[in-house]
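Heads up, coords-v1.cif below (mmCIF, N, CA and C atoms):
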```cif
data_upload
#
loop_
_atom_site.label_atom_id
_atom_site.label_comp_id
_atom_site.auth_asym_id
_atom_site.auth_seq_id
_atom_site.Cartn_x
_atom_site.Cartn_y
_atom_site.Cartn_z
N MET C 260 -46.07 23.06 102.49
CA MET C 260 -47.34 22.52 102.06
C MET C 260 -47.12 21.16 101.40
N PHE C 261 -48.10 20.31 101.53
CA PHE C 261 -48.05 19.01 100.88
C PHE C 261 -48.44 19.14 99.42
N ASN C 262 -47.86 18.30 98.60
CA ASN C 262 -48.26 18.19 97.21
C ASN C 262 -49.29 17.06 97.17
N PRO C 263 -50.56 17.36 96.86
CA PRO C 263 -51.58 16.32 96.89
C PRO C 263 -51.33 15.20 95.90
N ASN C 264 -50.52 15.46 94.88
CA ASN C 264 -50.23 14.43 93.89
C ASN C 264 -49.01 13.60 94.26
N HIS C 265 -48.32 14.00 95.32
CA HIS C 265 -47.14 13.27 95.77
C HIS C 265 -47.59 11.96 96.40
N PRO C 266 -46.93 10.84 96.09
CA PRO C 266 -47.38 9.54 96.61
C PRO C 266 -47.29 9.42 98.13
N ASP C 267 -46.46 10.24 98.77
CA ASP C 267 -46.32 10.15 100.22
C ASP C 267 -47.26 11.07 100.99
N SER C 268 -48.14 11.81 100.29
CA SER C 268 -48.98 12.77 100.98
C SER C 268 -49.90 12.09 102.01
N ASP C 269 -50.42 10.91 101.72
CA ASP C 269 -51.25 10.19 102.70
C ASP C 269 -50.42 9.75 103.89
N LEU C 270 -49.19 9.35 103.63
CA LEU C 270 -48.29 8.95 104.70
C LEU C 270 -48.03 10.13 105.64
N PHE C 271 -47.76 11.30 105.06
CA PHE C 271 -47.53 12.49 105.88
C PHE C 271 -48.76 12.80 106.73
N LYS C 272 -49.92 12.72 106.12
CA LYS C 272 -51.16 13.00 106.85
C LYS C 272 -51.36 11.97 107.96
N THR C 273 -51.07 10.72 107.68
CA THR C 273 -51.24 9.66 108.67
C THR C 273 -50.29 9.85 109.84
N ILE C 274 -49.12 10.35 109.60
CA ILE C 274 -48.14 10.57 110.67
C ILE C 274 -48.35 11.92 111.35
N LEU C 275 -48.63 12.95 110.58
CA LEU C 275 -48.70 14.31 111.12
C LEU C 275 -49.87 14.50 112.07
N GLU C 276 -51.03 14.02 111.72
CA GLU C 276 -52.21 14.24 112.57
C GLU C 276 -52.04 13.64 113.97
N PRO C 277 -51.61 12.38 114.10
CA PRO C 277 -51.40 11.86 115.46
C PRO C 277 -50.27 12.57 116.20
N LEU C 278 -49.25 12.98 115.47
CA LEU C 278 -48.15 13.71 116.09
C LEU C 278 -48.64 15.03 116.66
N LEU C 279 -49.47 15.73 115.92
CA LEU C 279 -50.04 16.98 116.41
C LEU C 279 -50.93 16.75 117.62
N ASP C 280 -51.68 15.65 117.61
CA ASP C 280 -52.50 15.30 118.78
C ASP C 280 -51.61 15.08 120.01
N ASP C 281 -50.48 14.41 119.81
CA ASP C 281 -49.54 14.19 120.92
C ASP C 281 -49.00 15.51 121.45
N PHE C 282 -48.59 16.40 120.55
CA PHE C 282 -48.10 17.70 120.99
C PHE C 282 -49.19 18.45 121.76
N GLU C 283 -50.39 18.40 121.25
CA GLU C 283 -51.51 19.08 121.92
C GLU C 283 -51.68 18.53 123.35
N TYR C 284 -51.63 17.22 123.49
CA TYR C 284 -51.78 16.57 124.79
C TYR C 284 -50.67 17.00 125.76
N TRP C 285 -49.42 16.90 125.32
CA TRP C 285 -48.30 17.20 126.20
C TRP C 285 -48.20 18.67 126.54
N PHE C 286 -48.53 19.54 125.60
CA PHE C 286 -48.54 20.97 125.90
C PHE C 286 -49.65 21.31 126.90
N SER C 287 -50.77 20.64 126.77
CA SER C 287 -51.87 20.86 127.72
C SER C 287 -51.48 20.44 129.13
N ARG C 288 -50.87 19.27 129.25
CA ARG C 288 -50.41 18.80 130.57
C ARG C 288 -49.35 19.72 131.14
N SER C 289 -48.42 20.14 130.30
CA SER C 289 -47.36 21.03 130.76
C SER C 289 -47.91 22.38 131.19
N ARG C 290 -48.86 22.87 130.44
CA ARG C 290 -49.48 24.15 130.80
C ARG C 290 -50.17 24.05 132.16
N SER C 291 -50.89 22.97 132.38
CA SER C 291 -51.56 22.77 133.67
C SER C 291 -50.54 22.75 134.80
N LEU C 292 -49.47 22.02 134.62
CA LEU C 292 -48.43 21.94 135.64
C LEU C 292 -47.86 23.33 135.95
N LEU C 293 -47.52 24.05 134.90
CA LEU C 293 -46.89 25.35 135.08
C LEU C 293 -47.84 26.40 135.64
N GLU C 294 -49.12 26.26 135.37
CA GLU C 294 -50.10 27.22 135.90
C GLU C 294 -50.50 26.89 137.34
N GLU C 295 -50.47 25.62 137.69
CA GLU C 295 -51.02 25.19 138.98
C GLU C 295 -49.97 24.92 140.06
N GLN C 296 -48.73 24.73 139.67
CA GLN C 296 -47.69 24.34 140.62
C GLN C 296 -46.62 25.42 140.72
N HIS C 297 -46.10 25.58 141.91
CA HIS C 297 -44.88 26.38 142.08
C HIS C 297 -43.72 25.43 141.84
N ILE C 298 -42.84 25.77 140.94
CA ILE C 298 -41.68 24.94 140.62
C ILE C 298 -40.49 25.56 141.36
N PRO C 299 -40.09 24.95 142.49
CA PRO C 299 -39.09 25.60 143.34
C PRO C 299 -37.71 25.79 142.71
N PHE C 300 -37.35 24.98 141.75
CA PHE C 300 -36.03 25.10 141.15
C PHE C 300 -36.01 26.01 139.92
N LEU C 301 -37.17 26.61 139.60
CA LEU C 301 -37.24 27.62 138.54
C LEU C 301 -37.56 28.97 139.20
N SER C 302 -36.92 30.00 138.71
CA SER C 302 -37.30 31.33 139.17
C SER C 302 -38.70 31.65 138.62
N ALA C 303 -39.33 32.64 139.18
CA ALA C 303 -40.65 33.04 138.69
C ALA C 303 -40.59 33.41 137.21
N ASP C 304 -39.53 34.09 136.80
CA ASP C 304 -39.37 34.47 135.40
C ASP C 304 -39.14 33.26 134.50
N GLU C 305 -38.36 32.28 134.98
CA GLU C 305 -38.13 31.07 134.19
C GLU C 305 -39.43 30.28 134.01
N GLN C 306 -40.21 30.18 135.08
CA GLN C 306 -41.48 29.46 134.98
C GLN C 306 -42.44 30.19 134.06
N LYS C 307 -42.48 31.50 134.17
CA LYS C 307 -43.35 32.31 133.30
C LYS C 307 -42.94 32.18 131.84
N ASP C 308 -41.62 32.20 131.60
CA ASP C 308 -41.11 32.05 130.23
C ASP C 308 -41.46 30.68 129.65
N LEU C 309 -41.27 29.63 130.45
CA LEU C 309 -41.61 28.29 129.98
C LEU C 309 -43.10 28.18 129.69
N LEU C 310 -43.91 28.73 130.58
CA LEU C 310 -45.36 28.71 130.36
C LEU C 310 -45.72 29.46 129.09
N GLN C 311 -45.11 30.60 128.86
CA GLN C 311 -45.41 31.38 127.65
C GLN C 311 -45.02 30.61 126.40
N ARG C 312 -43.88 29.94 126.42
CA ARG C 312 -43.46 29.15 125.26
C ARG C 312 -44.42 27.98 125.01
N VAL C 313 -44.89 27.37 126.09
CA VAL C 313 -45.87 26.28 125.95
C VAL C 313 -47.17 26.82 125.34
N MET C 314 -47.64 27.94 125.85
CA MET C 314 -48.89 28.51 125.34
C MET C 314 -48.76 28.91 123.87
N THR C 315 -47.63 29.48 123.49
CA THR C 315 -47.39 29.84 122.10
C THR C 315 -47.39 28.59 121.21
N SER C 316 -46.72 27.56 121.67
CA SER C 316 -46.66 26.31 120.90
C SER C 316 -48.03 25.67 120.79
N GLN C 317 -48.81 25.75 121.85
CA GLN C 317 -50.19 25.22 121.80
C GLN C 317 -50.97 25.92 120.70
N GLN C 318 -50.84 27.24 120.63
CA GLN C 318 -51.54 28.01 119.59
C GLN C 318 -51.05 27.61 118.19
N GLU C 319 -49.76 27.40 118.07
CA GLU C 319 -49.22 26.99 116.77
C GLU C 319 -49.75 25.62 116.36
N VAL C 320 -49.79 24.69 117.29
CA VAL C 320 -50.33 23.35 116.99
C VAL C 320 -51.79 23.46 116.57
N SER C 321 -52.55 24.25 117.29
CA SER C 321 -53.97 24.43 116.94
C SER C 321 -54.14 25.03 115.55
N THR C 322 -53.26 25.96 115.20
CA THR C 322 -53.31 26.57 113.88
C THR C 322 -53.02 25.54 112.79
N VAL C 323 -52.00 24.74 113.00
CA VAL C 323 -51.66 23.70 112.01
C VAL C 323 -52.80 22.69 111.89
N GLN C 324 -53.40 22.31 113.02
CA GLN C 324 -54.53 21.38 112.97
C GLN C 324 -55.70 21.98 112.19
N ALA C 325 -55.96 23.26 112.40
CA ALA C 325 -57.05 23.93 111.66
C ALA C 325 -56.73 23.99 110.17
N LEU C 326 -55.48 24.25 109.84
CA LEU C 326 -55.09 24.28 108.42
C LEU C 326 -55.22 22.90 107.78
N LEU C 327 -54.82 21.88 108.50
CA LEU C 327 -54.98 20.52 107.98
C LEU C 327 -56.44 20.21 107.70
N LYS C 328 -57.28 20.59 108.64
CA LYS C 328 -58.71 20.34 108.47
C LYS C 328 -59.28 21.15 107.31
N ALA C 329 -58.90 22.42 107.23
CA ALA C 329 -59.43 23.31 106.18
C ALA C 329 -58.96 22.91 104.79
N THR C 330 -57.78 22.30 104.70
CA THR C 330 -57.23 21.95 103.39
C THR C 330 -57.38 20.47 103.07
N GLY C 331 -58.13 19.76 103.89
CA GLY C 331 -58.31 18.33 103.64
C GLY C 331 -57.01 17.55 103.79
N GLY C 332 -56.17 17.99 104.71
CA GLY C 332 -54.91 17.28 104.96
C GLY C 332 -53.80 17.67 104.02
N GLN C 333 -53.96 18.75 103.28
CA GLN C 333 -52.94 19.14 102.30
C GLN C 333 -51.99 20.20 102.83
N ALA C 334 -52.13 20.61 104.08
CA ALA C 334 -51.19 21.55 104.69
C ALA C 334 -50.13 20.76 105.44
N GLY C 335 -49.07 21.42 105.76
CA GLY C 335 -48.01 20.74 106.49
C GLY C 335 -47.34 21.69 107.46
N VAL C 336 -46.30 21.21 108.05
CA VAL C 336 -45.53 22.01 108.99
C VAL C 336 -44.05 21.71 108.76
N ASP C 337 -43.24 22.74 108.81
CA ASP C 337 -41.81 22.57 108.59
C ASP C 337 -41.22 21.69 109.68
N SER C 338 -40.31 20.83 109.31
CA SER C 338 -39.73 19.91 110.29
C SER C 338 -38.98 20.63 111.40
N SER C 339 -38.45 21.82 111.12
CA SER C 339 -37.75 22.56 112.17
C SER C 339 -38.71 23.00 113.27
N VAL C 340 -39.96 23.24 112.91
CA VAL C 340 -40.98 23.60 113.91
C VAL C 340 -41.28 22.37 114.77
N LEU C 341 -41.40 21.21 114.14
CA LEU C 341 -41.64 19.98 114.89
C LEU C 341 -40.50 19.71 115.87
N VAL C 342 -39.27 19.96 115.44
CA VAL C 342 -38.11 19.75 116.31
C VAL C 342 -38.18 20.72 117.49
N THR C 343 -38.53 21.96 117.24
CA THR C 343 -38.66 22.94 118.32
C THR C 343 -39.72 22.50 119.32
N TRP C 344 -40.85 22.03 118.83
CA TRP C 344 -41.91 21.55 119.72
C TRP C 344 -41.43 20.34 120.52
N HIS C 345 -40.72 19.46 119.87
CA HIS C 345 -40.21 18.26 120.54
C HIS C 345 -39.25 18.66 121.68
N HIS C 346 -38.38 19.60 121.41
CA HIS C 346 -37.44 20.06 122.44
C HIS C 346 -38.19 20.68 123.62
N LEU C 347 -39.24 21.43 123.33
CA LEU C 347 -40.02 22.04 124.39
C LEU C 347 -40.73 20.98 125.23
N VAL C 348 -41.31 19.98 124.58
CA VAL C 348 -41.94 18.88 125.32
C VAL C 348 -40.90 18.19 126.19
N SER C 349 -39.72 17.94 125.65
CA SER C 349 -38.65 17.30 126.43
C SER C 349 -38.26 18.15 127.63
N GLU C 350 -38.16 19.44 127.43
CA GLU C 350 -37.85 20.35 128.53
C GLU C 350 -38.92 20.28 129.62
N CYS C 351 -40.17 20.25 129.21
CA CYS C 351 -41.27 20.15 130.18
C CYS C 351 -41.25 18.81 130.91
N TRP C 352 -40.94 17.73 130.20
CA TRP C 352 -40.83 16.43 130.85
C TRP C 352 -39.75 16.46 131.92
N GLN C 353 -38.62 17.07 131.59
CA GLN C 353 -37.51 17.14 132.55
C GLN C 353 -37.92 17.92 133.80
N VAL C 354 -38.62 19.02 133.61
CA VAL C 354 -39.11 19.81 134.75
C VAL C 354 -40.06 18.96 135.59
N SER C 355 -40.97 18.28 134.94
CA SER C 355 -41.93 17.45 135.65
C SER C 355 -41.24 16.32 136.43
N LEU C 356 -40.29 15.67 135.80
CA LEU C 356 -39.55 14.59 136.47
C LEU C 356 -38.77 15.10 137.68
N LYS C 357 -38.12 16.23 137.51
CA LYS C 357 -37.35 16.80 138.61
C LYS C 357 -38.28 17.21 139.75
N LEU C 358 -39.41 17.81 139.43
CA LEU C 358 -40.37 18.22 140.44
C LEU C 358 -40.90 16.99 141.19
N ARG C 359 -41.26 15.97 140.46
CA ARG C 359 -41.77 14.74 141.08
C ARG C 359 -40.70 14.10 141.98
N SER C 360 -39.47 14.12 141.51
CA SER C 360 -38.37 13.56 142.30
C SER C 360 -38.18 14.34 143.61
N GLN C 361 -38.24 15.65 143.52
CA GLN C 361 -38.08 16.48 144.71
C GLN C 361 -39.26 16.30 145.68
N GLN C 362 -40.45 16.13 145.14
CA GLN C 362 -41.63 15.98 145.99
C GLN C 362 -41.64 14.63 146.70
N SER C 363 -41.03 13.62 146.09
CA SER C 363 -41.04 12.29 146.68
C SER C 363 -39.94 12.09 147.72
N SER C 364 -38.95 12.99 147.74
CA SER C 364 -37.86 12.82 148.71
C SER C 364 -38.03 13.68 149.94
#
```
Can the structure in the file be given as structure tokens, please?
Amino acid sequence: MFNPNHPDSDLFKTILEPLLDDFEYWFSRSRSLLEEQHIPFLSADEQKDLLQRVMTSQQEVSTVQALLKATGGQAGVDSSVLVTWHHLVSECWQVSLKLRSQQSS
């Protein structure tokens, strides 16, 4: 949680809100890809697992956004969670790039 009296609390809010919007955007795109496309280099179980992790992360991002709104920007998220989300977005980007590369050749 943020300390509202901490001088950096506005900075955290200024950075965290757009970052959460970015995660929301990329998880949405990744979810669409995984739901609508057959990914030939992933097994059905791997694709299902990746989709489930994306959906779970989407829910987590939505929860944090709701908490930020409900607390007037005084809620936060542990940096380890942000790192996990970042790794998942990177994994989805790699899948998308590989799929696009295979489709173009």
Residue nearest Ser321 in chain C among C:Leu279, C:Ile274, C:Ser364, C:Ser289 (counting all atoms listed in the file):
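Smallest distance to Ser321 in chain C is found for C:Leu279.
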May I ask which of the residues C:Asp269, C:Asp280, C:Leu358, C:Thr322 is the closest one to Ile298 in chain C, counting only N, CA and C atoms?
C:Leu358
If you measure from CA of Asp308 in chain C to CA of Ser355 in chain C, what distance in Å do you get, rounded to one decimal?
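Value for the CA of Asp308 in chain C-CA of Ser355 in chain C distance: 15.6 Å.
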Contacts of range 342-353 of chain C at 8 Å (all atoms listed in the file; same-chain gap of 3+ positions) as a ChimeraX atom specification
/C:282,285-286,289,312-313,316,337-339,356-359
Any idea what's packed within 12 Å of Glu295 in chain C, counting only C-alpha atoms, ignoring anything in its chain fewer than 6 positions away? Could you give it as a list in words?
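Using only C-alpha atoms, the neighbours found are Arg288, Ser289, Gln306, Lys307 and Leu310 of chain C.
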Between C:Val323, C:Leu309, C:Leu301, C:Ala334, single out the one closest to Lys272 in chain C, counting all atoms listed in the file.
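Answer, going by the shortest atom-to-atom distance: C:Ala334.
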C:Leu326, C:Glu305, C:Thr273, C:Asp281: which is nearest Val354 in chain C, counting only C-alpha atoms?
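So, comparing all the options, the nearest one is C:Glu305.
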Among C:Pro277, C:Gln317, C:Gln362, C:Leu341, His297 in chain C is approached most closely, using only C-alpha atoms, by C:Gln362
In Å, rounded to a single decimal, give me how far CA of Ser287 in chain C is from CA of Met314 in chain C.
8.5 Å
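The spacing separating CA of Ser363 in chain C from CA of Glu294 in chain C amounts to 20.5 Å.
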Compare C:Glu283, C:Gln296, C:Gln361, C:Arg290 by their minimum atom-to-atom distance to Val320 in chain C, counting only N, CA and C atoms, and give me the closest one.
C:Glu283
Hey, could you patch up range 340-360 of chain C with N, CA, C and O atoms and hand it over as a PDB file, keeping the file's coordinate frame?
```pdb
ATOM      1  N   VAL C 340     -39.960  23.240 112.910  1.00  0.00           N
ATOM      2  CA  VAL C 340     -40.980  23.600 113.910  1.00  0.00           C
ATOM      3  C   VAL C 340     -41.280  22.370 114.770  1.00  0.00           C
ATOM      4  O   VAL C 340     -41.395  22.476 115.997  1.00  0.00           O
ATOM      5  N   LEU C 341     -41.400  21.210 114.140  1.00  0.00           N
ATOM      6  CA  LEU C 341     -41.640  19.980 114.890  1.00  0.00           C
ATOM      7  C   LEU C 341     -40.500  19.710 115.870  1.00  0.00           C
ATOM      8  O   LEU C 341     -40.733  19.301 117.007  1.00  0.00           O
ATOM      9  N   VAL C 342     -39.270  19.960 115.440  1.00  0.00           N
ATOM     10  CA  VAL C 342     -38.110  19.750 116.310  1.00  0.00           C
ATOM     11  C   VAL C 342     -38.180  20.720 117.490  1.00  0.00           C
ATOM     12  O   VAL C 342     -37.925  20.324 118.638  1.00  0.00           O
ATOM     13  N   THR C 343     -38.530  21.960 117.240  1.00  0.00           N
ATOM     14  CA  THR C 343     -38.660  22.940 118.320  1.00  0.00           C
ATOM     15  C   THR C 343     -39.720  22.500 119.320  1.00  0.00           C
ATOM     16  O   THR C 343     -39.497  22.576 120.538  1.00  0.00           O
ATOM     17  N   TRP C 344     -40.850  22.030 118.830  1.00  0.00           N
ATOM     18  CA  TRP C 344     -41.910  21.550 119.720  1.00  0.00           C
ATOM     19  C   TRP C 344     -41.430  20.340 120.520  1.00  0.00           C
ATOM     20  O   TRP C 344     -41.700  20.214 121.703  1.00  0.00           O
ATOM     21  N   HIS C 345     -40.720  19.460 119.870  1.00  0.00           N
ATOM     22  CA  HIS C 345     -40.210  18.260 120.540  1.00  0.00           C
ATOM     23  C   HIS C 345     -39.250  18.660 121.680  1.00  0.00           C
ATOM     24  O   HIS C 345     -39.326  18.097 122.776  1.00  0.00           O
ATOM     25  N   HIS C 346     -38.380  19.600 121.410  1.00  0.00           N
ATOM     26  CA  HIS C 346     -37.440  20.060 122.440  1.00  0.00           C
ATOM     27  C   HIS C 346     -38.190  20.680 123.620  1.00  0.00           C
ATOM     28  O   HIS C 346     -37.811  20.462 124.776  1.00  0.00           O
ATOM     29  N   LEU C 347     -39.240  21.430 123.330  1.00  0.00           N
ATOM     30  CA  LEU C 347     -40.020  22.040 124.390  1.00  0.00           C
ATOM     31  C   LEU C 347     -40.730  20.980 125.230  1.00  0.00           C
ATOM     32  O   LEU C 347     -40.749  21.056 126.462  1.00  0.00           O
ATOM     33  N   VAL C 348     -41.310  19.980 124.580  1.00  0.00           N
ATOM     34  CA  VAL C 348     -41.940  18.880 125.320  1.00  0.00           C
ATOM     35  C   VAL C 348     -40.900  18.190 126.190  1.00  0.00           C
ATOM     36  O   VAL C 348     -41.158  17.900 127.370  1.00  0.00           O
ATOM     37  N   SER C 349     -39.720  17.940 125.650  1.00  0.00           N
ATOM     38  CA  SER C 349     -38.650  17.300 126.430  1.00  0.00           C
ATOM     39  C   SER C 349     -38.260  18.150 127.630  1.00  0.00           C
ATOM     40  O   SER C 349     -38.044  17.634 128.727  1.00  0.00           O
ATOM     41  N   GLU C 350     -38.160  19.440 127.430  1.00  0.00           N
ATOM     42  CA  GLU C 350     -37.850  20.350 128.530  1.00  0.00           C
ATOM     43  C   GLU C 350     -38.920  20.280 129.620  1.00  0.00           C
ATOM     44  O   GLU C 350     -38.611  20.222 130.813  1.00  0.00           O
ATOM     45  N   CYS C 351     -40.170  20.250 129.210  1.00  0.00           N
ATOM     46  CA  CYS C 351     -41.270  20.150 130.180  1.00  0.00           C
ATOM     47  C   CYS C 351     -41.250  18.810 130.910  1.00  0.00           C
ATOM     48  O   CYS C 351     -41.514  18.749 132.115  1.00  0.00           O
ATOM     49  N   TRP C 352     -40.940  17.730 130.200  1.00  0.00           N
ATOM     50  CA  TRP C 352     -40.830  16.430 130.850  1.00  0.00           C
ATOM     51  C   TRP C 352     -39.750  16.460 131.920  1.00  0.00           C
ATOM     52  O   TRP C 352     -39.932  15.923 133.014  1.00  0.00           O
ATOM     53  N   GLN C 353     -38.620  17.070 131.590  1.00  0.00           N
ATOM     54  CA  GLN C 353     -37.510  17.140 132.550  1.00  0.00           C
ATOM     55  C   GLN C 353     -37.920  17.920 133.800  1.00  0.00           C
ATOM     56  O   GLN C 353     -37.604  17.518 134.917  1.00  0.00           O
ATOM     57  N   VAL C 354     -38.620  19.020 133.610  1.00  0.00           N
ATOM     58  CA  VAL C 354     -39.110  19.810 134.750  1.00  0.00           C
ATOM     59  C   VAL C 354     -40.060  18.960 135.590  1.00  0.00           C
ATOM     60  O   VAL C 354     -39.954  18.917 136.819  1.00  0.00           O
ATOM     61  N   SER C 355     -40.970  18.280 134.940  1.00  0.00           N
ATOM     62  CA  SER C 355     -41.930  17.450 135.650  1.00  0.00           C
ATOM     63  C   SER C 355     -41.240  16.320 136.430  1.00  0.00           C
ATOM     64  O   SER C 355     -41.573  16.057 137.596  1.00  0.00           O
ATOM     65  N   LEU C 356     -40.290  15.670 135.800  1.00  0.00           N
ATOM     66  CA  LEU C 356     -39.550  14.590 136.470  1.00  0.00           C
ATOM     67  C   LEU C 356     -38.770  15.100 137.680  1.00  0.00           C
ATOM     68  O   LEU C 356     -38.784  14.482 138.743  1.00  0.00           O
ATOM     69  N   LYS C 357     -38.120  16.230 137.510  1.00  0.00           N
ATOM     70  CA  LYS C 357     -37.350  16.800 138.610  1.00  0.00           C
ATOM     71  C   LYS C 357     -38.280  17.210 139.750  1.00  0.00           C
ATOM     72  O   LYS C 357     -37.979  16.964 140.930  1.00  0.00           O
ATOM     73  N   LEU C 358     -39.410  17.810 139.430  1.00  0.00           N
ATOM     74  CA  LEU C 358     -40.370  18.220 140.440  1.00  0.00           C
ATOM     75  C   LEU C 358     -40.900  16.990 141.190  1.00  0.00           C
ATOM     76  O   LEU C 358     -40.944  16.975 142.425  1.00  0.00           O
ATOM     77  N   ARG C 359     -41.260  15.970 140.460  1.00  0.00           N
ATOM     78  CA  ARG C 359     -41.770  14.740 141.080  1.00  0.00           C
ATOM     79  C   ARG C 359     -40.700  14.100 141.980  1.00  0.00           C
ATOM     80  O   ARG C 359     -40.998  13.631 143.072  1.00  0.00           O
ATOM     81  N   SER C 360     -39.470  14.120 141.510  1.00  0.00           N
ATOM     82  CA  SER C 360     -38.370  13.560 142.300  1.00  0.00           C
ATOM     83  C   SER C 360     -38.180  14.340 143.610  1.00  0.00           C
ATOM     84  O   SER C 360     -37.995  13.749 144.661  1.00  0.00           O
TER      85      SER C 360
END
```
